[in-house]
>>> print(open('data31.cif').read())   # mmCIF, C-alpha atoms, pLDDT in the B column; chains and numbers go by the auth columns
data_data
loop_
_atom_site.group_PDB
_atom_site.id
_atom_site.type_symbol
_atom_site.label_atom_id
_atom_site.label_comp_id
_atom_site.label_asym_id
_atom_site.label_seq_id
_atom_site.Cartn_x
_atom_site.Cartn_y
_atom_site.Cartn_z
_atom_site.B_iso_or_equiv
_atom_site.auth_seq_id
_atom_site.auth_asym_id
ATOM 1 C CA MET A 1 0.000 0.000 0.000 40.00 1 G
ATOM 2 C CA SER A 2 1.385 3.386 -0.909 41.00 2 G
ATOM 3 C CA GLY A 3 1.567 6.103 1.729 44.00 3 G
ATOM 4 C CA LEU A 4 -1.126 8.146 0.015 42.00 4 G
ATOM 5 C CA GLU A 5 -3.468 5.157 -0.267 46.00 5 G
ATOM 6 C CA GLY A 6 -3.025 4.462 3.468 46.00 6 G
ATOM 7 C CA LEU A 7 -3.812 8.069 4.319 47.00 7 G
ATOM 8 C CA ARG A 8 -6.908 8.057 2.108 49.00 8 G
ATOM 9 C CA ASP A 9 -8.148 4.873 3.781 48.00 9 G
ATOM 10 C CA SER A 10 -7.651 6.433 7.223 46.00 10 G
ATOM 11 C CA ALA A 11 -10.366 8.991 6.522 51.00 11 G
ATOM 12 C CA VAL A 12 -13.039 6.422 7.430 61.00 12 G
ATOM 13 C CA ILE A 13 -11.507 5.604 10.817 72.00 13 G
ATOM 14 C CA ASN A 14 -12.208 7.901 13.760 76.00 14 G
ATOM 15 C CA LEU A 15 -9.089 7.845 15.926 76.00 15 G
ATOM 16 C CA THR A 16 -9.933 10.740 18.242 81.00 16 G
ATOM 17 C CA GLY A 17 -11.502 8.582 20.957 85.00 17 G
ATOM 18 C CA ALA A 18 -8.719 5.974 21.059 88.00 18 G
ATOM 19 C CA VAL A 19 -7.234 5.428 24.515 93.00 19 G
ATOM 20 C CA THR A 20 -3.545 5.379 23.686 95.00 20 G
ATOM 21 C CA MET A 21 -0.454 4.504 25.692 98.00 21 G
ATOM 22 C CA VAL A 22 3.093 5.362 24.632 97.00 22 G
ATOM 23 C CA VAL A 23 5.941 3.615 26.460 98.00 23 G
ATOM 24 C CA ASP A 24 9.467 4.957 25.934 97.00 24 G
ATOM 25 C CA ASP A 25 12.235 5.562 28.454 96.00 25 G
ATOM 26 C CA SER A 26 13.506 8.502 26.389 95.00 26 G
ATOM 27 C CA PRO A 27 11.620 11.735 27.144 95.00 27 G
ATOM 28 C CA PHE A 28 12.445 12.937 23.613 94.00 28 G
ATOM 29 C CA GLY A 29 11.138 9.707 22.045 93.00 29 G
ATOM 30 C CA LEU A 30 8.004 9.900 24.164 95.00 30 G
ATOM 31 C CA ASP A 31 7.352 13.525 23.126 95.00 31 G
ATOM 32 C CA ILE A 32 7.979 12.868 19.414 93.00 32 G
ATOM 33 C CA THR A 33 5.629 9.883 19.362 95.00 33 G
ATOM 34 C CA ALA A 34 2.911 11.680 21.340 95.00 34 G
ATOM 35 C CA SER A 35 3.220 14.717 19.034 94.00 35 G
ATOM 36 C CA ALA A 36 2.908 12.549 15.910 93.00 36 G
ATOM 37 C CA LEU A 37 -0.192 10.877 17.355 93.00 37 G
ATOM 38 C CA LEU A 38 -1.705 14.223 18.311 93.00 38 G
ATOM 39 C CA GLY A 39 -1.249 15.334 14.706 89.00 39 G
ATOM 40 C CA PHE A 40 -3.847 12.671 13.745 86.00 40 G
ATOM 41 C CA GLY A 41 -6.166 13.661 16.579 88.00 41 G
ATOM 42 C CA ILE A 42 -5.006 10.836 18.856 91.00 42 G
ATOM 43 C CA LYS A 43 -4.331 12.110 22.378 92.00 43 G
ATOM 44 C CA THR A 44 -1.841 10.040 24.335 94.00 44 G
ATOM 45 C CA ARG A 45 -3.758 9.235 27.514 96.00 45 G
ATOM 46 C CA TYR A 46 -0.833 7.454 29.177 97.00 46 G
ATOM 47 C CA ALA A 47 2.809 8.416 28.585 97.00 47 G
ATOM 48 C CA CYS A 48 5.014 5.903 30.423 98.00 48 G
ATOM 49 C CA HIS A 49 8.758 6.085 30.966 97.00 49 G
ATOM 50 C CA SER A 50 9.127 2.387 31.838 97.00 50 G
ATOM 51 C CA ALA A 51 7.514 -0.994 31.350 97.00 51 G
ATOM 52 C CA ALA A 52 6.782 -1.167 35.094 97.00 52 G
ATOM 53 C CA GLU A 53 4.828 2.105 34.925 98.00 53 G
ATOM 54 C CA ALA A 54 2.906 0.784 31.885 98.00 54 G
ATOM 55 C CA ILE A 55 2.056 -2.501 33.656 98.00 55 G
ATOM 56 C CA ASP A 56 0.564 -0.642 36.624 97.00 56 G
ATOM 57 C CA ILE A 57 -1.758 1.255 34.279 97.00 57 G
ATOM 58 C CA LEU A 58 -2.565 -1.744 32.039 98.00 58 G
ATOM 59 C CA LYS A 59 -3.794 -3.686 35.075 97.00 59 G
ATOM 60 C CA ASP A 60 -6.514 -1.106 35.814 96.00 60 G
ATOM 61 C CA HIS A 61 -7.363 0.775 32.599 97.00 61 G
ATOM 62 C CA PRO A 62 -8.470 -0.456 29.162 96.00 62 G
ATOM 63 C CA ILE A 63 -6.171 0.657 26.341 96.00 63 G
ATOM 64 C CA ASP A 64 -7.031 0.772 22.622 94.00 64 G
ATOM 65 C CA LEU A 65 -3.503 1.177 21.211 94.00 65 G
ATOM 66 C CA LEU A 66 0.025 0.819 22.566 97.00 66 G
ATOM 67 C CA VAL A 67 3.157 2.282 20.992 97.00 67 G
ATOM 68 C CA VAL A 68 6.118 0.669 22.759 97.00 68 G
ATOM 69 C CA ASP A 69 9.850 1.293 22.385 95.00 69 G
ATOM 70 C CA THR A 70 11.852 -1.921 22.044 93.00 70 G
ATOM 71 C CA GLU A 71 14.938 -0.839 24.001 92.00 71 G
ATOM 72 C CA MET A 72 14.338 0.124 27.611 94.00 72 G
ATOM 73 C CA PRO A 73 16.346 -0.596 30.754 93.00 73 G
ATOM 74 C CA GLU A 74 15.220 -3.281 33.206 93.00 74 G
ATOM 75 C CA MET A 75 12.227 -4.643 31.257 95.00 75 G
ATOM 76 C CA ASP A 76 12.475 -4.014 27.501 95.00 76 G
ATOM 77 C CA GLY A 77 9.568 -3.560 25.108 95.00 77 G
ATOM 78 C CA TYR A 78 9.635 -7.195 23.953 94.00 78 G
ATOM 79 C CA GLU A 79 9.238 -8.432 27.525 96.00 79 G
ATOM 80 C CA LEU A 80 6.445 -5.921 28.132 97.00 80 G
ATOM 81 C CA VAL A 81 4.510 -7.142 25.089 96.00 81 G
ATOM 82 C CA ARG A 82 5.053 -10.809 26.077 95.00 82 G
ATOM 83 C CA TRP A 83 3.757 -9.988 29.577 97.00 83 G
ATOM 84 C CA LEU A 84 0.760 -8.131 28.143 97.00 84 G
ATOM 85 C CA ARG A 85 -0.228 -10.940 25.782 95.00 85 G
ATOM 86 C CA ARG A 86 0.029 -13.529 28.586 93.00 86 G
ATOM 87 C CA SER A 87 -1.541 -11.297 31.273 95.00 87 G
ATOM 88 C CA GLY A 88 -5.111 -12.485 30.753 92.00 88 G
ATOM 89 C CA LEU A 89 -6.225 -8.853 31.016 94.00 89 G
ATOM 90 C CA ASP A 90 -9.317 -8.449 28.890 91.00 90 G
ATOM 91 C CA PRO A 91 -9.370 -6.400 26.656 93.00 91 G
ATOM 92 C CA ASN A 92 -5.748 -5.215 27.044 95.00 92 G
ATOM 93 C CA ALA A 93 -4.138 -8.562 26.174 94.00 93 G
ATOM 94 C CA PHE A 94 -5.689 -8.147 22.712 93.00 94 G
ATOM 95 C CA ALA A 95 -4.857 -4.456 22.198 94.00 95 G
ATOM 96 C CA PRO A 96 -2.878 -3.584 19.063 94.00 96 G
ATOM 97 C CA VAL A 97 0.824 -2.973 19.738 95.00 97 G
ATOM 98 C CA ILE A 98 3.157 -1.031 17.469 95.00 98 G
ATOM 99 C CA MET A 99 6.793 -1.263 18.511 94.00 99 G
ATOM 100 C CA THR A 100 9.356 1.438 17.743 93.00 100 G
ATOM 101 C CA ALA A 101 13.050 0.714 17.342 89.00 101 G
ATOM 102 C CA THR A 102 16.138 2.716 16.431 84.00 102 G
ATOM 103 C CA HIS A 103 18.045 -0.255 15.027 74.00 103 G
ATOM 104 C CA VAL A 104 15.949 -2.892 13.337 69.00 104 G
ATOM 105 C CA ARG A 105 17.898 -5.962 12.421 73.00 105 G
ATOM 106 C CA ARG A 106 16.042 -8.931 10.980 73.00 106 G
ATOM 107 C CA SER A 107 16.420 -10.788 14.300 69.00 107 G
ATOM 108 C CA ARG A 108 14.760 -7.902 16.166 69.00 108 G
ATOM 109 C CA VAL A 109 11.826 -7.814 13.710 75.00 109 G
ATOM 110 C CA THR A 110 11.443 -11.548 14.286 79.00 110 G
ATOM 111 C CA GLU A 111 11.586 -10.997 18.053 80.00 111 G
ATOM 112 C CA ALA A 112 8.880 -8.299 17.833 80.00 112 G
ATOM 113 C CA ARG A 113 6.677 -10.618 15.783 80.00 113 G
ATOM 114 C CA ASP A 114 7.301 -13.500 18.181 85.00 114 G
ATOM 115 C CA CYS A 115 6.525 -11.495 21.327 89.00 115 G
ATOM 116 C CA GLY A 116 3.061 -10.671 19.981 89.00 116 G
ATOM 117 C CA ALA A 117 3.485 -7.179 18.546 91.00 117 G
ATOM 118 C CA ASN A 118 1.355 -6.249 15.557 91.00 118 G
ATOM 119 C CA PHE A 119 3.986 -4.130 13.819 89.00 119 G
ATOM 120 C CA VAL A 120 7.475 -2.615 14.152 89.00 120 G
ATOM 121 C CA ILE A 121 8.390 0.837 12.894 91.00 121 G
ATOM 122 C CA THR A 122 11.909 2.247 12.673 87.00 122 G
ATOM 123 C CA LYS A 123 12.886 5.487 14.387 88.00 123 G
ATOM 124 C CA PRO A 124 13.012 8.149 13.219 87.00 124 G
ATOM 125 C CA PHE A 125 9.645 7.533 11.602 89.00 125 G
ATOM 126 C CA SER A 126 7.525 9.914 9.581 88.00 126 G
ATOM 127 C CA ALA A 127 4.077 10.809 10.819 88.00 127 G
ATOM 128 C CA ALA A 128 2.624 9.320 7.611 89.00 128 G
ATOM 129 C CA SER A 129 4.320 5.951 8.167 89.00 129 G
ATOM 130 C CA LEU A 130 3.109 5.834 11.774 92.00 130 G
ATOM 131 C CA LEU A 131 -0.422 6.619 10.622 90.00 131 G
ATOM 132 C CA GLU A 132 -0.206 3.835 8.007 90.00 132 G
ATOM 133 C CA ARG A 133 0.724 1.345 10.754 90.00 133 G
ATOM 134 C CA ILE A 134 -2.106 2.569 12.988 91.00 134 G
ATOM 135 C CA VAL A 135 -4.633 2.237 10.161 88.00 135 G
ATOM 136 C CA PHE A 136 -3.262 -1.240 9.406 86.00 136 G
ATOM 137 C CA VAL A 137 -3.661 -2.455 13.004 86.00 137 G
ATOM 138 C CA ALA A 138 -7.094 -0.821 13.266 84.00 138 G
ATOM 139 C CA ARG A 139 -8.247 -2.860 10.261 82.00 139 G
ATOM 140 C CA ASP A 140 -6.280 -6.011 11.073 80.00 140 G
ATOM 141 C CA THR A 141 -8.627 -8.986 11.256 79.00 141 G
ATOM 142 C CA ARG A 142 -6.044 -11.669 12.006 80.00 142 G
ATOM 143 C CA PRO A 143 -7.204 -13.927 14.837 83.00 143 G
ATOM 144 C CA PHE A 144 -5.230 -14.272 18.054 84.00 144 G
ATOM 145 C CA LEU A 145 -3.525 -17.627 18.445 82.00 145 G
ATOM 146 C CA GLU A 146 -2.014 -19.499 21.350 84.00 146 G
ATOM 147 C CA VAL A 147 0.705 -21.836 20.125 82.00 147 G
ATOM 148 C CA GLY A 148 3.341 -23.097 22.574 82.00 148 G
ATOM 149 C CA ASP A 149 4.588 -20.065 24.463 80.00 149 G
ATOM 150 C CA TYR A 150 3.266 -17.644 21.809 82.00 150 G
ATOM 151 C CA PHE A 151 0.041 -15.709 22.292 83.00 151 G
ATOM 152 C CA GLY A 152 -0.799 -12.928 19.883 84.00 152 G
ATOM 153 C CA PRO A 153 -2.045 -12.091 16.416 83.00 153 G
ATOM 154 C CA ASP A 154 -1.612 -14.764 13.748 81.00 154 G
ATOM 155 C CA ARG A 155 1.878 -14.125 12.404 70.00 155 G
ATOM 156 C CA ARG A 156 0.864 -14.912 8.816 67.00 156 G
ATOM 157 C CA PHE A 157 0.049 -11.763 6.843 56.00 157 G
ATOM 158 C CA ARG A 158 -0.392 -12.954 3.285 52.00 158 G
ATOM 159 C CA GLU A 159 -3.531 -14.338 1.738 55.00 159 G
ATOM 160 C CA GLY A 160 -3.132 -17.315 -0.543 53.00 160 G
ATOM 161 C CA LYS A 161 -0.214 -19.677 -0.833 54.00 161 G
ATOM 162 C CA ALA A 162 2.821 -19.406 1.385 52.00 162 G
ATOM 163 C CA PRO A 163 6.190 -19.028 -0.345 51.00 163 G
ATOM 164 C CA GLY A 164 8.062 -22.302 -0.774 60.00 164 G
ATOM 165 C CA ALA A 165 6.878 -25.812 -0.125 69.00 165 G
ATOM 166 C CA GLU A 166 3.971 -26.405 2.271 67.00 166 G
ATOM 167 C CA ARG A 167 5.204 -27.641 5.671 66.00 167 G
ATOM 168 C CA ARG A 168 2.066 -27.738 7.829 64.00 168 G
ATOM 169 C CA ALA A 169 1.160 -31.373 8.530 66.00 169 G
ATOM 170 C CA ASP A 170 -2.611 -30.834 8.520 63.00 170 G
ATOM 171 C CA VAL A 171 -2.504 -29.079 5.156 65.00 171 G
ATOM 172 C CA LEU A 172 -0.222 -31.772 3.709 72.00 172 G
ATOM 173 C CA ARG A 173 -2.691 -34.474 4.849 74.00 173 G
ATOM 174 C CA LYS A 174 -5.591 -32.590 3.241 73.00 174 G
ATOM 175 C CA MET A 175 -3.630 -32.181 0.014 77.00 175 G
ATOM 176 C CA LYS A 176 -2.729 -35.883 -0.066 82.00 176 G
ATOM 177 C CA HIS A 177 -6.339 -36.873 0.646 79.00 177 G
ATOM 178 C CA ALA A 178 -7.614 -34.604 -2.150 83.00 178 G
ATOM 179 C CA ALA A 179 -5.000 -35.973 -4.569 86.00 179 G
ATOM 180 C CA ASP A 180 -5.865 -39.599 -3.642 87.00 180 G
ATOM 181 C CA LYS A 181 -9.571 -38.859 -4.077 82.00 181 G
ATOM 182 C CA ALA A 182 -8.968 -37.194 -7.458 83.00 182 G
ATOM 183 C CA ALA A 183 -6.792 -40.128 -8.588 84.00 183 G
ATOM 184 C CA ALA A 184 -9.491 -42.607 -7.524 83.00 184 G
ATOM 185 C CA ALA A 185 -12.157 -40.620 -9.403 80.00 185 G
ATOM 186 C CA THR A 186 -9.968 -40.434 -12.529 80.00 186 G
ATOM 187 C CA GLY A 187 -9.266 -44.194 -12.296 73.00 187 G
ATOM 188 C CA ALA A 188 -13.004 -44.935 -11.978 70.00 188 G
ATOM 189 C CA GLU A 189 -13.776 -42.777 -15.057 72.00 189 G
ATOM 190 C CA GLN A 190 -11.106 -44.501 -17.116 73.00 190 G
ATOM 191 C CA ALA A 191 -12.344 -47.952 -16.047 71.00 191 G
ATOM 192 C CA GLY A 192 -15.983 -47.094 -16.872 64.00 192 G
#
>>> encode(input="data31.cif", output="structure tokens")
Amino acid sequence: MSGLEGLRDSAVINLTGAVTMVVDDSPFGLDITASALLGFGIKTRYACHSAAEAIDILKDHPIDLLVVDTEMPEMDGYELVRWLRRSGLDPNAFAPVIMTATHVRRSRVTEARDCGANFVITKPFSAASLLERIVFVARDTRPFLEVGDYFGPDRRFREGKAPGAERRADVLRKMKHAADKAAAATGAEQAG
């Protein structure tokens, strides 16, 4: 989706009533993120300087959107999101989470996905790119899954076939069954 297309789509979403939390140990990072959100009419209800401060609020107040920095002392953003997803707090355990990071290596994107975040955005980010991510998570219809120690949105984004060979056992069994059934039907037609 192009930036302009994302902005056009956002016109049908009212973001002004969203209860938003920004978690960043850097006062500058916190101010920049809150200012970008305010530019879209989203008031940051809770500005937290640590994961511990965020947890105290999350336990007692419903949140519609979290923007969480990945790198914080003591408890980092990844640990905060893992805690949130496993907390059992309804509705907060299901709230959309956008993570912000200054250095995004592939392993860190994977870690953000695996902790249950909906999206990662690199700092410094433009207001338009942040808005695109917010619109994306607002419209995201992926179900939440609990698989092993993971709890969060389904990590698969694409519709249709996955790249490469299919590896899921249940899908492979279905494919084999369908192929066997088709072969049996073709054999019956040829015999008849």
>>> closest_residue(input="data31.cif", among="G:Leu80, G:Glu189, G:Arg105, G:Leu15", to="Gly39 (chain G)", atoms="all atoms listed in the file")
G:Leu15
>>> resolve_selection(input="data31.cif", expression="the PyMOL selection byres ((chain G and resi 85) around 8)", output="JSON, numbers by chain")
{"G": [81, 82, 83, 84, 86, 87, 88, 93, 94, 116, 151, 152]}
>>> closest_residue(input="data31.cif", among="G:Gly29, G:Pro62, G:Pro73, G:Gly41", to="Leu131 (chain G)", atoms="all atoms listed in the file")
G:Gly41
>>> atom_distance(input="data31.cif", atom1="CA of Asp90 (chain G)", atom2="CA of Thr20 (chain G)")
15.9 Å
>>> resolve_selection(input="data31.cif", expression="the PyMOL selection byres ((chain G and resi 72) around 9)", output="PyMOL selection string")
chain G and resi 24-26+49-51+69-71+73-77
>>> residues_around(input="data31.cif", residues="Val97 (chain G)", least_positions_apart="2", cutoff="8 Å", atoms="all atoms listed in the file", output="count of residues only")
10
>>> residues_near_point(input="data31.cif", point="(-6.2, -17.1, 12.9)", cutoff="8 Å", atoms="only C-alpha atoms", output="ChimeraX atom specification")
/G:142-145,153-154
>>> axis_aligned_box(input="data31.cif", around="region 96-110 of chain G", padding_each_side="4 Å", output="JSON")
{"center_x": 7.6, "center_y": -4.4, "center_z": 15.4, "size_x": 28.9, "size_y": 22.3, "size_z": 16.8}
>>> residues_around(input="data31.cif", residues="Thr102 (chain G)", least_positions_apart="6", cutoff="8 Å", atoms="all atoms listed in the file", output="list in words")
Thr122, Lys123 and Pro124 of chain G
>>> atom_distance(input="data31.cif", atom1="CA of Pro96 (chain G)", atom2="CA of Gly148 (chain G)")
20.8 Å
